[in-house]
Amino acid sequence: MELRQLRYFVTVADEGGFGRAAERLGIVQSAVSTQVRRLERQLGVTLFDRTARRAVLTGPGEALLPQARAVLDAADRTRALAAELAAGTAGLLRLGAVHGPGERMNRLLQRLAQPAGAFRVVLRHLPVAERLRAVRDGELDAAFVRGTLTAPPGTDLLPVWQDPLYVAVPAAHPLAARPALSLGDPAGLPLRLADRAANAPFHDLVTGALRDAGARPPLGPPFTGLRETLTAIASSAIPSWTVFYEVTGLPTLPGIAIRRLTAPPLTTWLAVPAGPPAPALRRLLAAATADEPC
């Protein structure tokens with residue numbers, strides 16, 4: 001059974017004759033008659049009582065007509081959805097997400113949701129290494145990552161955003177009087193930095209920038225969470241400092257001064273499968289770079 005045969009059958013039923021159906025379809029009457037005969041043989045029923053001027057549906061024809069219409073409607077919907085998928089206006093995007101910086105992720109999701117349609121985004125929050133593995137293995141279509149890293153085999157890294165880093169120092173320390181700081185400024189104070197296993201790309205970004213600046217600060221207690229670390233800096237008798245990035249706005253805490261770091265910036269990358277981007281990925285790239293392409 002072919003869709004063409006079902007379409008001819010429905011058209012003959014709508015027009016009440018083979019000649020008018022052929023005229024509507026823009027083909028010769030013999031082609032319509034031949035295909036409907038073949039459909040009848042395949043189904044094992046007679047669909048029309050034929051006269052010289054008219055074609056009247058038989059009982060089996062009446063029963064099968066709604067099903068034929070449903071099949072054709074489903075085929076039309078399938079073609080329409082395929083066109084939307086090819087254009088990137090429909091589909092499913094499995095995206096590895098990051099928290100922040102700021103409201104970027106919220107704006108990105110709003111852009112992907114417009115215009116309203118059949119395009120859906122499924123967010124997954126995974127550790128960095130798992131995010132990259134999921135892209136490589138095809139479990140994610142793309143994933144955001146930050147910091148210094150090398151693309152795993154089978155993936156590409158595309159820069160999409162750059163944001164500043166921030167330094168937190170005790171509010172009573174002389175460095176708090178400066179409007180901005182470089183990594184070398186607080187180098188004599190113990191640095192609270194998370195272990196590399198917790199976030200290797202960010203750890204490598206900070207330690208690499210420290211090497212480039214010729215700064216070798218002593219290591220203080222490890223960074224745990226932002227609020228916990230800032231509280232420890234504010235309450236400790238031994239001055240220390242930390243480096244962090246904005247997630248949902250800069251925190252305010254008594255005894256803490258937060259200053260913008262002059263360099264390096266924090267680059268957010270989009271890890272994607274190697275090769276030409278699929279339509280849904282092209283839509284994601286357009287939405288991600290609408291703020292500030294690198």
# chains A, B, ... in the order shown; residues from 1 in each chain; ligands from 1
>>> select_by_dssp(residues="stretch 15-251 of chain A", states="helix (DSSP H, G or I)", output="ChimeraX atom specification")
/A:15,18-25,29-43,59-87,104-112,128-136,174-177,200-213,226-235
>>> residues_around(residues="stretch 237-250 of chain A", least_positions_apart="5", cutoff="7 Å", atoms="only C-alpha atoms", output="NGL selection string")
:A and (99-103 or 165-170 or 189-193)
>>> atom_distance(atom1="atom CA of A:Tyr8", atom2="atom CA of A:Ala83")
24.0 Å
>>> closest_atom_pairs(of="stretch 197-283 of chain A", to="stretch 118-142 of chain A", cutoff="8 Å", atoms="only C-alpha atoms", output="Markdown table")
| residue | atom | partner | partner_atom | distance |
| --- | --- | --- | --- | --- |
| A:Asn199 | CA | A:Val128 | CA | 6.8 |
| A:Ala200 | CA | A:Val128 | CA | 8.0 |
| A:Leu270 | CA | A:Ala142 | CA | 6.6 |
| A:Ala271 | CA | A:Ala142 | CA | 5.5 |
| A:Val272 | CA | A:Ala142 | CA | 4.7 |
| A:Pro273 | CA | A:Arg136 | CA | 6.4 |
| A:Leu281 | CA | A:Asp141 | CA | 7.5 |
>>> write_last_selection(atoms="C-alpha atoms", output="PDB file, in the first residue's frame")
ATOM      1  CA  ASN A 199      36.607  21.445  38.964  1.00  0.00           C
ATOM      2  CA  ALA A 200      39.725  20.824  36.906  1.00  0.00           C
ATOM      3  CA  LEU A 270      30.173  24.911  24.381  1.00  0.00           C
ATOM      4  CA  ALA A 271      31.308  21.316  24.008  1.00  0.00           C
ATOM      5  CA  VAL A 272      29.694  19.790  20.906  1.00  0.00           C
ATOM      6  CA  PRO A 273      30.191  16.667  18.788  1.00  0.00           C
ATOM      7  CA  LEU A 281      22.665  22.928  17.703  1.00  0.00           C
TER       8      LEU A 281
END
>>> select_by_dssp(residues="stretch 20-57 of chain A", states="strand (DSSP E or B)", output="list of chain:residue names")
A:Phe48, A:Asp49, A:Arg50, A:Ala55, A:Val56, A:Leu57
>>> write_last_selection(atoms="C-alpha atoms", output="mmCIF file, in the first residue's frame")
data_model
loop_
_atom_site.group_PDB
_atom_site.id
_atom_site.type_symbol
_atom_site.label_atom_id
_atom_site.label_comp_id
_atom_site.auth_asym_id
_atom_site.auth_seq_id
_atom_site.Cartn_x
_atom_site.Cartn_y
_atom_site.Cartn_z
ATOM 1 C CA PHE A 48 -16.239 2.007 -5.334
ATOM 2 C CA ASP A 49 -19.284 1.070 -7.357
ATOM 3 C CA ARG A 50 -18.384 2.501 -10.739
ATOM 4 C CA ALA A 55 -17.925 6.478 -8.432
ATOM 5 C CA VAL A 56 -19.926 5.693 -5.296
ATOM 6 C CA LEU A 57 -18.303 4.363 -2.146
#
>>> residues_around(residues="A:Ala263", least_positions_apart="2", cutoff="7 Å", atoms="only C-alpha atoms", output="tab-separated table (two decimals) with all heavy atoms, in the first residue's frame")
chain	number	residue	atom	x	y	z
A	182	SER	N	44.76	42.50	40.51
A	182	SER	CA	45.36	41.50	39.65
A	182	SER	C	45.71	40.29	40.49
A	182	SER	O	45.75	40.36	41.73
A	182	SER	CB	46.62	42.06	38.97
A	182	SER	OG	47.64	42.26	39.94
A	261	LEU	N	38.58	41.04	39.19
A	261	LEU	CA	39.93	40.64	38.81
A	261	LEU	C	40.21	41.13	37.39
A	261	LEU	O	39.40	40.92	36.48
A	261	LEU	CB	40.05	39.12	38.88
A	261	LEU	CG	41.45	38.51	38.78
A	261	LEU	CD1	42.31	38.94	39.95
A	261	LEU	CD2	41.33	36.98	38.74
A	265	PRO	N	39.99	36.60	32.04
A	265	PRO	CA	38.53	36.44	32.01
A	265	PRO	C	38.18	34.97	32.11
A	265	PRO	O	39.02	34.08	31.88
A	265	PRO	CB	38.14	37.01	30.65
A	265	PRO	CG	39.36	36.77	29.80
A	265	PRO	CD	40.55	36.91	30.71
